[in-house]
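Worksheet: one structure, shown below.
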Amino acid sequence: MTGQGCDVPASVVDDGRMRDVLQVHGGLPLHGEITVRGAKNFVSKAMVAALLGESPSTLRNVPQIRDVAVVTGLLELHGVRVVADAVAGTLVLDPRNVESAHVADIDAHAGSSRIPILFCGPLLHRLGEAFIPDLGGCRIGDRPINYHLDILRQFGAEVTKRESGIEIRAPHGLVGTKVSLPYPSVGATEQTLLTAVRAAGITELSNAAIEPEILDLINVLQKMGAIISVDTDRVIRIEGVARLRGFEHTALSDRIEAASWASAALATHGDITVKGATQPEMTAFLNTFRKVGGEFDIKDDGIRFYHPGGDLRSIVLETDVHPGFMTDWQQPLVVALTQAKGLSIVHETVYENRFGFTDALVGMGATIQVYRECLGGHPCRFGQRNFYHSAVISGPTPLEAADIEVPDLRGGFSHLIAALAAKGTSEVRGIGLIDRGYEDFQGKLSALGAEFTHG
Ligand code: EPU
């Protein structure tokens, strides 16, 4: 089977209205066991890394999510043969016939993902040129790509903005450089890695992001033949090499999905064992989960998350880059915080606009006020800039069923949790967005005893 078909679940490929709406009959605790596979935010980058090899790569533990289907499509447009075994979770990526894609074809993918920006380094090495359409991704802030373009220029690329997107060329090849990031951006760190591994000479990246997904990408690149060291203080050094080969790798598991189900267990008074969840990548989440009053048992093959009874406790929380509390964990946990006793404060420091999803929660009976000020923590770069990036949640407040529209991937999952926690029947529209990053979430909900029907 080729990757284009990719055996994605029906709801991923069928955007029909019926499939896009769920009637959730809430108020039941979620109980049971589910499995998470590879991390969305690693798998998509490892797929791009395969472009750099001179032989095929094999990636295991790949989830069936729409972002994987999108990257598969983009790779195929560039001549990469992708063979997927969706059930086993294996992708074989053969980059031996990489070619330029038609601008219009790449453009057809615009709006569906931010991954195209990471194709630049590998394509510049393979073909000397790359074209990037307008970028999509979640509506959680401006999400600019200025760091990426500055980095590519530093390596010697010529960047030209055209009406349909951005054209990037490297007529004289790419040369290692010193990059100092203004902020430890995940994507900009990956951009530097994917470009530096085959650039001539040494690249030194300071103020790098060191998320576990990035360290696993470094594992992949080292398997391919790259020379990369991660020093203390967020400094990564890369010695460029002339050739890279394919890799075989099993993706690290999705700690965002695991934390999302953990928050669902807490908000619904439930008990969910997440097979595949791992402790080291979730330390900050587990500490916070415990402070709120949730319990967990770490096992060899996963983590059991549960509400032990009694009151949940309010907390003060600040999102941050790794090793801090991930921004992507924030939205699902906020739903559980509506059930905690007292005033919780959440300061979002990664994105300037990630509290839009709380409007729907307020409509369901939550008491949440958002503020422009940096509350409950250190001043951050959004403090003086009119962004509503702090939230105060007063609880506990019973949630009531409502009709809600999914705003973005993580906000969407949070709405789903709210609907599951609320008494009565909620209508959740736009659930297709959730398929971007949550594998078979409807199957998992059924396995956990959730009651829902397609509206
Ligand atoms: N930023 C810039 N300029 C840039 C790049 C980033 O100003 O050129 C800013 C962003 O606007 C943001 C901050 O830097 O305020 C951090 O962005 P970062 O580059 O770290 O994020 P990203 O690489 O675009 C990835 C994940 C996100 C996750 C963030 C932070 C992928 C595909 N996406 O995004 O995941 O929130 O890192 O951990 O890996 C999600 O999974 O729902 C999701 C949004």
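Residue names in the structure tokens use chain letters A, B, ... in the order shown, residue numbers from 1 in each chain, and ligand numbers from 1 in the order shown.
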What lies within 12 Å of Arg162 in chain A using only C-alpha atoms, ignoring chain neighbours under 4 positions off, as an MDAnalysis selection string?
-> chainID A and resid 103 131:134 166:168
Output for the residues just chosen: all heavy atoms as a compact mmCIF listing (two decimals), in the first residue's frame:
```txt
# COMPACT_ATOMS: atom_id res chain seq x y z
N VAL A 103 4.92 24.00 -8.09
CA VAL A 103 4.53 25.01 -7.10
C VAL A 103 3.05 24.90 -6.76
O VAL A 103 2.65 24.93 -5.59
CB VAL A 103 4.87 26.41 -7.66
CG1 VAL A 103 4.27 27.49 -6.80
CG2 VAL A 103 6.38 26.57 -7.75
N PHE A 131 10.41 25.58 -2.27
CA PHE A 131 9.31 26.54 -2.33
C PHE A 131 8.38 26.28 -1.16
O PHE A 131 7.99 25.14 -0.90
CB PHE A 131 8.54 26.40 -3.65
CG PHE A 131 7.40 27.36 -3.73
CD1 PHE A 131 7.61 28.67 -4.13
CD2 PHE A 131 6.12 26.97 -3.36
CE1 PHE A 131 6.56 29.58 -4.16
CE2 PHE A 131 5.07 27.88 -3.39
CZ PHE A 131 5.29 29.17 -3.80
N ILE A 132 8.05 27.32 -0.45
CA ILE A 132 7.21 27.17 0.74
C ILE A 132 5.90 27.92 0.55
O ILE A 132 5.89 29.14 0.37
CB ILE A 132 7.93 27.77 1.97
CG1 ILE A 132 9.30 27.14 2.15
CG2 ILE A 132 7.10 27.59 3.24
CD1 ILE A 132 9.28 25.64 2.22
N PRO A 133 4.77 27.21 0.60
CA PRO A 133 3.48 27.91 0.47
C PRO A 133 3.13 28.64 1.76
O PRO A 133 3.83 28.50 2.76
CB PRO A 133 2.50 26.76 0.20
CG PRO A 133 3.13 25.57 0.83
CD PRO A 133 4.63 25.78 0.80
N ASP A 134 2.03 29.37 1.73
CA ASP A 134 1.55 30.00 2.98
C ASP A 134 1.32 28.90 4.00
O ASP A 134 0.81 27.84 3.66
CB ASP A 134 0.23 30.74 2.74
CG ASP A 134 0.47 31.98 1.93
OD1 ASP A 134 1.61 32.48 1.96
OD2 ASP A 134 -0.46 32.43 1.25
N ILE A 166 7.05 31.49 -0.66
CA ILE A 166 8.45 31.91 -0.52
C ILE A 166 9.36 30.97 -1.30
O ILE A 166 9.27 29.74 -1.15
CB ILE A 166 8.85 31.92 0.96
CG1 ILE A 166 7.94 32.89 1.73
CG2 ILE A 166 10.31 32.33 1.14
CD1 ILE A 166 7.99 32.73 3.21
N GLU A 167 10.22 31.58 -2.13
CA GLU A 167 11.15 30.79 -2.93
C GLU A 167 12.52 30.89 -2.28
O GLU A 167 12.97 31.97 -1.92
CB GLU A 167 11.19 31.42 -4.32
CG GLU A 167 11.92 30.63 -5.36
CD GLU A 167 11.90 31.44 -6.66
OE1 GLU A 167 10.89 31.36 -7.39
OE2 GLU A 167 12.88 32.17 -6.89
N ILE A 168 13.19 29.74 -2.12
CA ILE A 168 14.50 29.73 -1.45
C ILE A 168 15.50 28.98 -2.33
O ILE A 168 15.20 27.88 -2.82
CB ILE A 168 14.38 29.05 -0.07
CG1 ILE A 168 13.34 29.80 0.76
CG2 ILE A 168 15.70 29.07 0.68
CD1 ILE A 168 12.78 29.05 1.89
```
Would you write out, as a Markdown table, a table of all residues in chain A that have an atom no more than 8 Å from an atom of ligand 1, listing for each the closest atom pair and the distance in Å to one decimal, considering only C-alpha atoms and all ligand atoms and ordering rows by chain and rising residue number?
```
| residue | atom | partner | partner_atom_place_in_ligand_line | distance |
| --- | --- | --- | --- | --- |
| A:Lys40 | CA | ligand 1 | 41 (O) | 7.0 |
| A:Asn41 | CA | ligand 1 | 39 (O) | 3.9 |
| A:Phe42 | CA | ligand 1 | 39 (O) | 6.8 |
| A:Ser44 | CA | ligand 1 | 32 (C) | 7.3 |
| A:Lys45 | CA | ligand 1 | 39 (O) | 7.8 |
| A:Ser113 | CA | ligand 1 | 32 (C) | 7.9 |
| A:Arg114 | CA | ligand 1 | 32 (C) | 6.6 |
| A:Ile115 | CA | ligand 1 | 32 (C) | 6.5 |
| A:Gly137 | CA | ligand 1 | 44 (C) | 7.3 |
| A:Cys138 | CA | ligand 1 | 44 (C) | 6.2 |
| A:Ile140 | CA | ligand 1 | 44 (C) | 7.6 |
| A:Gly141 | CA | ligand 1 | 11 (O) | 6.6 |
| A:Asp142 | CA | ligand 1 | 11 (O) | 5.9 |
| A:Arg143 | CA | ligand 1 | 11 (O) | 3.8 |
| A:Pro144 | CA | ligand 1 | 3 (N) | 4.6 |
| A:Ile145 | CA | ligand 1 | 8 (O) | 3.3 |
| A:Asn146 | CA | ligand 1 | 8 (O) | 4.0 |
| A:Tyr147 | CA | ligand 1 | 8 (O) | 3.6 |
| A:His148 | CA | ligand 1 | 8 (O) | 5.0 |
| A:Leu149 | CA | ligand 1 | 8 (O) | 7.3 |
| A:Tyr183 | CA | ligand 1 | 14 (O) | 6.3 |
| A:Pro184 | CA | ligand 1 | 20 (O) | 6.5 |
| A:Ser185 | CA | ligand 1 | 20 (O) | 3.4 |
| A:Val186 | CA | ligand 1 | 20 (O) | 3.7 |
| A:Gly187 | CA | ligand 1 | 23 (O) | 3.3 |
| A:Ala188 | CA | ligand 1 | 19 (O) | 5.7 |
| A:Thr189 | CA | ligand 1 | 19 (O) | 7.9 |
| A:Glu190 | CA | ligand 1 | 23 (O) | 7.9 |
| A:Ala209 | CA | ligand 1 | 20 (O) | 7.4 |
| A:Glu211 | CA | ligand 1 | 38 (O) | 7.5 |
| A:Ile256 | CA | ligand 1 | 41 (O) | 7.4 |
| A:Val321 | CA | ligand 1 | 38 (O) | 6.5 |
| A:His322 | CA | ligand 1 | 38 (O) | 7.9 |
| A:Met326 | CA | ligand 1 | 38 (O) | 6.3 |
| A:Thr327 | CA | ligand 1 | 36 (O) | 5.9 |
| A:Asp328 | CA | ligand 1 | 36 (O) | 5.3 |
| A:Thr349 | CA | ligand 1 | 15 (O) | 7.9 |
| A:Val350 | CA | ligand 1 | 15 (O) | 4.9 |
| A:Tyr351 | CA | ligand 1 | 15 (O) | 4.2 |
| A:Glu352 | CA | ligand 1 | 15 (O) | 6.3 |
| A:Asp408 | CA | ligand 1 | 42 (O) | 7.9 |
| A:Leu409 | CA | ligand 1 | 42 (O) | 5.6 |
| A:Arg410 | CA | ligand 1 | 42 (O) | 5.5 |
| A:Gly437 | CA | ligand 1 | 41 (O) | 6.9 |
```
Suppose we keep N, CA and C atoms; can you now write the selection as a CSV table (one decimal), in the first residue's frame?
```
chain,number,residue,atom,x,y,z
A,40,LYS,N,3.3,13.0,17.5
A,40,LYS,CA,3.1,13.8,16.3
A,40,LYS,C,4.2,14.8,16.0
A,41,ASN,N,4.7,15.5,17.0
A,41,ASN,CA,5.7,16.5,16.8
A,41,ASN,C,7.1,16.0,16.6
A,42,PHE,N,7.3,14.7,16.7
A,42,PHE,CA,8.5,14.1,16.3
A,42,PHE,C,8.4,13.4,14.9
A,44,SER,N,6.6,13.7,12.3
A,44,SER,CA,6.5,14.5,11.1
A,44,SER,C,7.9,15.0,10.8
A,45,LYS,N,8.8,15.3,11.8
A,45,LYS,CA,10.1,15.8,11.5
A,45,LYS,C,11.0,14.7,11.1
A,113,SER,N,-0.7,22.6,7.1
A,113,SER,CA,0.4,22.2,8.0
A,113,SER,C,1.5,23.2,8.0
A,114,ARG,N,2.3,23.3,9.1
A,114,ARG,CA,3.4,24.2,9.1
A,114,ARG,C,4.7,23.4,8.7
A,115,ILE,N,4.6,22.2,8.5
A,115,ILE,CA,5.8,21.3,8.2
A,115,ILE,C,6.5,21.8,6.9
A,137,GLY,N,-1.5,25.4,10.2
A,137,GLY,CA,-1.3,25.1,11.6
A,137,GLY,C,-2.4,25.6,12.5
A,138,CYS,N,-2.3,25.5,13.8
A,138,CYS,CA,-3.4,25.9,14.7
A,138,CYS,C,-3.4,27.4,14.8
A,140,ILE,N,-3.4,29.8,17.1
A,140,ILE,CA,-3.1,30.0,18.5
A,140,ILE,C,-2.1,31.2,18.7
A,141,GLY,N,-2.1,32.1,17.7
A,141,GLY,CA,-1.2,33.2,17.8
A,141,GLY,C,-0.8,33.5,16.3
A,142,ASP,N,0.1,34.4,16.2
A,142,ASP,CA,0.6,34.8,14.9
A,142,ASP,C,1.4,33.7,14.2
A,143,ARG,N,2.2,33.0,15.0
A,143,ARG,CA,3.1,31.9,14.5
A,143,ARG,C,3.9,32.3,13.3
A,144,PRO,N,4.7,33.3,13.4
A,144,PRO,CA,5.6,33.8,12.3
A,144,PRO,C,6.7,32.7,12.0
A,145,ILE,N,7.4,32.9,10.8
A,145,ILE,CA,8.5,32.1,10.4
A,145,ILE,C,9.8,32.9,10.3
A,146,ASN,N,9.8,34.0,10.9
A,146,ASN,CA,11.0,34.9,10.7
A,146,ASN,C,12.3,34.2,11.2
A,147,TYR,N,12.3,33.5,12.3
A,147,TYR,CA,13.5,32.8,12.8
A,147,TYR,C,14.0,31.8,11.7
A,148,HIS,N,13.0,31.1,11.1
A,148,HIS,CA,13.4,30.1,10.1
A,148,HIS,C,14.1,30.8,8.9
A,149,LEU,N,13.5,31.9,8.4
A,149,LEU,CA,14.0,32.5,7.2
A,149,LEU,C,15.4,33.1,7.5
A,183,TYR,N,14.6,33.1,21.0
A,183,TYR,CA,13.7,32.3,21.9
A,183,TYR,C,14.0,30.9,21.5
A,184,PRO,N,14.0,30.0,22.5
A,184,PRO,CA,14.3,28.6,22.2
A,184,PRO,C,13.1,27.9,21.4
A,185,SER,N,12.9,28.3,20.2
A,185,SER,CA,11.8,27.8,19.3
A,185,SER,C,12.1,26.4,18.9
A,186,VAL,N,11.1,25.5,19.0
A,186,VAL,CA,11.2,24.1,18.6
A,186,VAL,C,11.5,24.1,17.1
A,187,GLY,N,10.6,24.7,16.3
A,187,GLY,CA,10.8,24.6,14.8
A,187,GLY,C,12.1,25.2,14.4
A,188,ALA,N,12.5,26.3,14.9
A,188,ALA,CA,13.8,27.0,14.5
A,188,ALA,C,15.0,26.1,14.8
A,189,THR,N,14.9,25.4,16.0
A,189,THR,CA,16.0,24.5,16.3
A,189,THR,C,16.0,23.3,15.3
A,190,GLU,N,14.8,22.8,15.0
A,190,GLU,CA,14.8,21.7,14.0
A,190,GLU,C,15.3,22.2,12.6
A,209,ALA,N,16.1,24.9,21.6
A,209,ALA,CA,15.0,24.2,22.3
A,209,ALA,C,15.6,22.8,22.5
A,211,GLU,N,13.5,20.1,23.6
A,211,GLU,CA,12.4,19.2,23.9
A,211,GLU,C,12.8,17.7,23.6
A,256,ILE,N,2.0,14.6,24.6
A,256,ILE,CA,0.9,15.5,24.7
A,256,ILE,C,-0.4,14.7,24.7
A,321,VAL,N,9.1,26.4,27.8
A,321,VAL,CA,9.8,25.4,27.0
A,321,VAL,C,10.4,24.3,27.9
A,322,HIS,N,10.7,23.2,27.3
A,322,HIS,CA,11.3,22.1,28.1
A,322,HIS,C,12.5,22.5,28.8
A,326,MET,N,4.7,22.1,29.4
A,326,MET,CA,4.4,22.4,27.9
A,326,MET,C,3.2,23.2,27.7
A,327,THR,N,3.2,24.1,26.8
A,327,THR,CA,2.0,24.8,26.4
A,327,THR,C,0.9,23.9,25.9
A,328,ASP,N,1.3,22.8,25.3
A,328,ASP,CA,0.3,21.9,24.7
A,328,ASP,C,-0.4,21.1,25.8
A,349,THR,N,3.3,31.3,28.4
A,349,THR,CA,4.4,32.2,28.0
A,349,THR,C,5.0,31.7,26.7
A,350,VAL,N,4.4,30.7,26.0
A,350,VAL,CA,4.9,30.2,24.7
A,350,VAL,C,4.1,30.9,23.6
A,351,TYR,N,2.8,30.9,23.7
A,351,TYR,CA,2.0,31.5,22.6
A,351,TYR,C,1.2,32.7,23.2
A,352,GLU,N,1.1,33.7,22.4
A,352,GLU,CA,0.4,34.9,22.9
A,352,GLU,C,-1.1,34.8,23.0
A,408,ASP,N,-9.1,24.7,17.6
A,408,ASP,CA,-7.8,24.2,17.2
A,408,ASP,C,-7.6,22.9,17.8
A,409,LEU,N,-6.5,22.3,17.5
A,409,LEU,CA,-6.2,20.9,17.9
A,409,LEU,C,-6.4,20.6,19.4
A,410,ARG,N,-5.5,21.3,20.2
A,410,ARG,CA,-5.6,21.1,21.6
A,410,ARG,C,-6.8,21.7,22.3
A,437,GLY,N,-4.1,15.3,15.3
A,437,GLY,CA,-3.0,14.9,16.2
A,437,GLY,C,-3.5,13.8,17.2
```
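With only C-alpha atoms taken into account, the protein and nucleic acid residues at most 12 Å from Arg96 in chain A (excluding it and anything under 2 positions from it in its own chain) are Ala50, Leu51, Leu52, Gly53, Glu54, Ser55, Pro56, Ser57, Leu75, Glu76, His78, Gly79, Val80, Arg81, Val82, Leu93, Asp94, Val98, Glu99, Arg126, Leu244, Arg245 and Gly246 of chain A.
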Using DSSP on the backbone coordinates, identify all residues within range 228-347 of chain A classified as alpha helix (DSSP H); present the result as number ranges by chain.
-> A: 255-267, 283-292, 327-337
Keeping only C-alpha atoms, write those residues as a JSON list (two decimals), in the first residue's frame.
```
[["chain", "number", "residue", "atom", "x", "y", "z"],
["A", 255, "ARG", "CA", 3.47, 12.90, 25.69],
["A", 256, "ILE", "CA", 0.90, 15.51, 24.65],
["A", 257, "GLU", "CA", -1.70, 12.89, 23.84],
["A", 258, "ALA", "CA", -0.88, 11.02, 27.07],
["A", 259, "ALA", "CA", -1.37, 14.21, 29.13],
["A", 260, "SER", "CA", -4.61, 14.96, 27.29],
["A", 261, "TRP", "CA", -6.09, 11.62, 28.35],
["A", 262, "ALA", "CA", -4.74, 12.16, 31.88],
["A", 263, "SER", "CA", -6.61, 15.48, 32.04],
["A", 264, "ALA", "CA", -9.73, 13.75, 30.74],
["A", 265, "ALA", "CA", -9.46, 11.22, 33.60],
["A", 266, "LEU", "CA", -9.19, 14.07, 36.13],
["A", 267, "ALA", "CA", -12.01, 16.18, 34.71],
["A", 283, "THR", "CA", 8.05, 14.88, 34.69],
["A", 284, "ALA", "CA", 6.69, 18.44, 34.71],
["A", 285, "PHE", "CA", 3.18, 17.27, 33.87],
["A", 286, "LEU", "CA", 3.22, 14.54, 36.54],
["A", 287, "ASN", "CA", 4.33, 17.02, 39.22],
["A", 288, "THR", "CA", 1.49, 19.37, 38.32],
["A", 289, "PHE", "CA", -1.05, 16.54, 38.04],
["A", 290, "ARG", "CA", -0.13, 15.49, 41.58],
["A", 291, "LYS", "CA", -0.34, 19.07, 42.92],
["A", 292, "VAL", "CA", -3.87, 19.40, 41.50],
["A", 327, "THR", "CA", 2.01, 24.81, 26.42],
["A", 328, "ASP", "CA", 0.29, 21.88, 24.72],
["A", 329, "TRP", "CA", -0.59, 20.36, 28.11],
["A", 330, "GLN", "CA", -2.18, 23.60, 29.27],
["A", 331, "GLN", "CA", -5.49, 23.53, 27.40],
["A", 332, "PRO", "CA", -6.70, 20.04, 28.46],
["A", 333, "LEU", "CA", -5.59, 20.63, 32.06],
["A", 334, "VAL", "CA", -7.51, 23.92, 32.29],
["A", 335, "VAL", "CA", -10.75, 21.93, 31.90],
["A", 336, "ALA", "CA", -9.81, 19.87, 34.96],
["A", 337, "LEU", "CA", -8.91, 23.09, 36.83]]
```
Residue contacts of Gln339 in chain A (7 Å, only C-alpha atoms) excluding same-chain residues fewer than 6 positions away, as a list in words = Ala267, Leu312, Gly395, Pro396 and Thr397 of chain A
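The two atoms in question, CA of Pro63 in chain A and CA of Ser229 in chain A, are spaced 28.8 Å apart.
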State, in Å with one decimal place, the distance from CA of Ala199 in chain A to CA of Ser180 in chain A.
-> 17.1 Å
So, counting only C-alpha atoms, which residue among A:Ile434, A:Ile65, A:Ile298, A:Ile228 is closest to Met282 in chain A?
->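 Nearest to Met282 in chain A: A:Ile298.
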Residues of range 126-206 of chain A in strand (DSSP E), written as a PyMOL selection string | chain A and resi 129-133+158-162+165-169+178-180+202-206
Just N, CA, C and O atoms for this one: save the residues we selected as an mmCIF file, in the first residue's frame.
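Full text of again27.cif as output:
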```cif
data_model
loop_
_atom_site.group_PDB
_atom_site.id
_atom_site.type_symbol
_atom_site.label_atom_id
_atom_site.label_comp_id
_atom_site.auth_asym_id
_atom_site.auth_seq_id
_atom_site.Cartn_x
_atom_site.Cartn_y
_atom_site.Cartn_z
ATOM 1 N N GLU A 129 17.054 24.123 -4.332
ATOM 2 C CA GLU A 129 15.932 25.080 -4.249
ATOM 3 C C GLU A 129 14.777 24.483 -3.448
ATOM 4 O O GLU A 129 14.662 23.263 -3.315
ATOM 5 N N ALA A 130 13.936 25.361 -2.929
ATOM 6 C CA ALA A 130 12.745 24.925 -2.198
ATOM 7 C C ALA A 130 11.675 25.990 -2.355
ATOM 8 O O ALA A 130 11.988 27.176 -2.556
ATOM 9 N N PHE A 131 10.406 25.579 -2.275
ATOM 10 C CA PHE A 131 9.312 26.540 -2.333
ATOM 11 C C PHE A 131 8.380 26.275 -1.157
ATOM 12 O O PHE A 131 7.994 25.139 -0.899
ATOM 13 N N ILE A 132 8.052 27.316 -0.453
ATOM 14 C CA ILE A 132 7.210 27.174 0.738
ATOM 15 C C ILE A 132 5.900 27.923 0.547
ATOM 16 O O ILE A 132 5.895 29.143 0.375
ATOM 17 N N PRO A 133 4.769 27.208 0.597
ATOM 18 C CA PRO A 133 3.485 27.908 0.467
ATOM 19 C C PRO A 133 3.128 28.637 1.759
ATOM 20 O O PRO A 133 3.827 28.499 2.761
ATOM 21 N N GLU A 158 19.281 32.164 -0.432
ATOM 22 C CA GLU A 158 18.637 33.398 -0.898
ATOM 23 C C GLU A 158 17.126 33.197 -0.787
ATOM 24 O O GLU A 158 16.584 32.233 -1.324
ATOM 25 N N VAL A 159 16.481 34.117 -0.071
ATOM 26 C CA VAL A 159 15.052 33.970 0.202
ATOM 27 C C VAL A 159 14.284 35.055 -0.548
ATOM 28 O O VAL A 159 14.551 36.244 -0.379
ATOM 29 N N THR A 160 13.345 34.666 -1.397
ATOM 30 C CA THR A 160 12.565 35.645 -2.160
ATOM 31 C C THR A 160 11.080 35.417 -1.902
ATOM 32 O O THR A 160 10.576 34.309 -2.095
ATOM 33 N N LYS A 161 10.390 36.491 -1.467
ATOM 34 C CA LYS A 161 8.951 36.351 -1.228
ATOM 35 C C LYS A 161 8.198 36.567 -2.531
ATOM 36 O O LYS A 161 8.386 37.589 -3.203
ATOM 37 N N ARG A 162 7.364 35.648 -2.929
ATOM 38 C CA ARG A 162 6.512 35.782 -4.120
ATOM 39 C C ARG A 162 5.058 35.792 -3.673
ATOM 40 O O ARG A 162 4.759 35.486 -2.517
ATOM 41 N N GLY A 165 3.973 32.419 -2.290
ATOM 42 C CA GLY A 165 4.726 31.797 -1.207
ATOM 43 C C GLY A 165 6.165 32.291 -1.201
ATOM 44 O O GLY A 165 6.462 33.376 -1.701
ATOM 45 N N ILE A 166 7.052 31.487 -0.663
ATOM 46 C CA ILE A 166 8.453 31.909 -0.522
ATOM 47 C C ILE A 166 9.362 30.967 -1.301
ATOM 48 O O ILE A 166 9.273 29.739 -1.152
ATOM 49 N N GLU A 167 10.218 31.584 -2.130
ATOM 50 C CA GLU A 167 11.148 30.793 -2.934
ATOM 51 C C GLU A 167 12.523 30.890 -2.275
ATOM 52 O O GLU A 167 12.966 31.973 -1.921
ATOM 53 N N ILE A 168 13.192 29.743 -2.121
ATOM 54 C CA ILE A 168 14.500 29.729 -1.450
ATOM 55 C C ILE A 168 15.498 28.975 -2.330
ATOM 56 O O ILE A 168 15.198 27.878 -2.818
ATOM 57 N N ARG A 169 16.642 29.616 -2.557
ATOM 58 C CA ARG A 169 17.668 28.980 -3.394
ATOM 59 C C ARG A 169 19.010 29.012 -2.684
ATOM 60 O O ARG A 169 19.265 29.905 -1.867
ATOM 61 N N LYS A 178 27.032 30.389 12.953
ATOM 62 C CA LYS A 178 26.650 30.526 14.362
ATOM 63 C C LYS A 178 25.237 31.063 14.411
ATOM 64 O O LYS A 178 24.966 32.146 13.867
ATOM 65 N N VAL A 179 24.339 30.338 15.042
ATOM 66 C CA VAL A 179 22.952 30.794 15.151
ATOM 67 C C VAL A 179 22.655 31.001 16.631
ATOM 68 O O VAL A 179 22.944 30.132 17.452
ATOM 69 N N SER A 180 22.076 32.157 16.946
ATOM 70 C CA SER A 180 21.659 32.398 18.319
ATOM 71 C C SER A 180 20.172 32.735 18.282
ATOM 72 O O SER A 180 19.770 33.762 17.727
ATOM 73 N N ILE A 202 31.200 23.787 10.516
ATOM 74 C CA ILE A 202 30.576 23.622 11.839
ATOM 75 C C ILE A 202 29.481 24.656 12.071
ATOM 76 O O ILE A 202 29.625 25.823 11.701
ATOM 77 N N THR A 203 28.404 24.197 12.681
ATOM 78 C CA THR A 203 27.336 25.122 13.084
ATOM 79 C C THR A 203 27.216 25.072 14.594
ATOM 80 O O THR A 203 27.242 23.985 15.189
ATOM 81 N N GLU A 204 27.089 26.232 15.197
ATOM 82 C CA GLU A 204 26.860 26.288 16.643
ATOM 83 C C GLU A 204 25.545 27.013 16.881
ATOM 84 O O GLU A 204 25.363 28.151 16.447
ATOM 85 N N LEU A 205 24.635 26.293 17.536
ATOM 86 C CA LEU A 205 23.302 26.854 17.801
ATOM 87 C C LEU A 205 23.176 27.140 19.285
ATOM 88 O O LEU A 205 23.297 26.230 20.112
ATOM 89 N N SER A 206 22.960 28.409 19.653
ATOM 90 C CA SER A 206 22.759 28.686 21.079
ATOM 91 C C SER A 206 21.311 29.122 21.328
ATOM 92 O O SER A 206 20.609 29.559 20.427
#
```
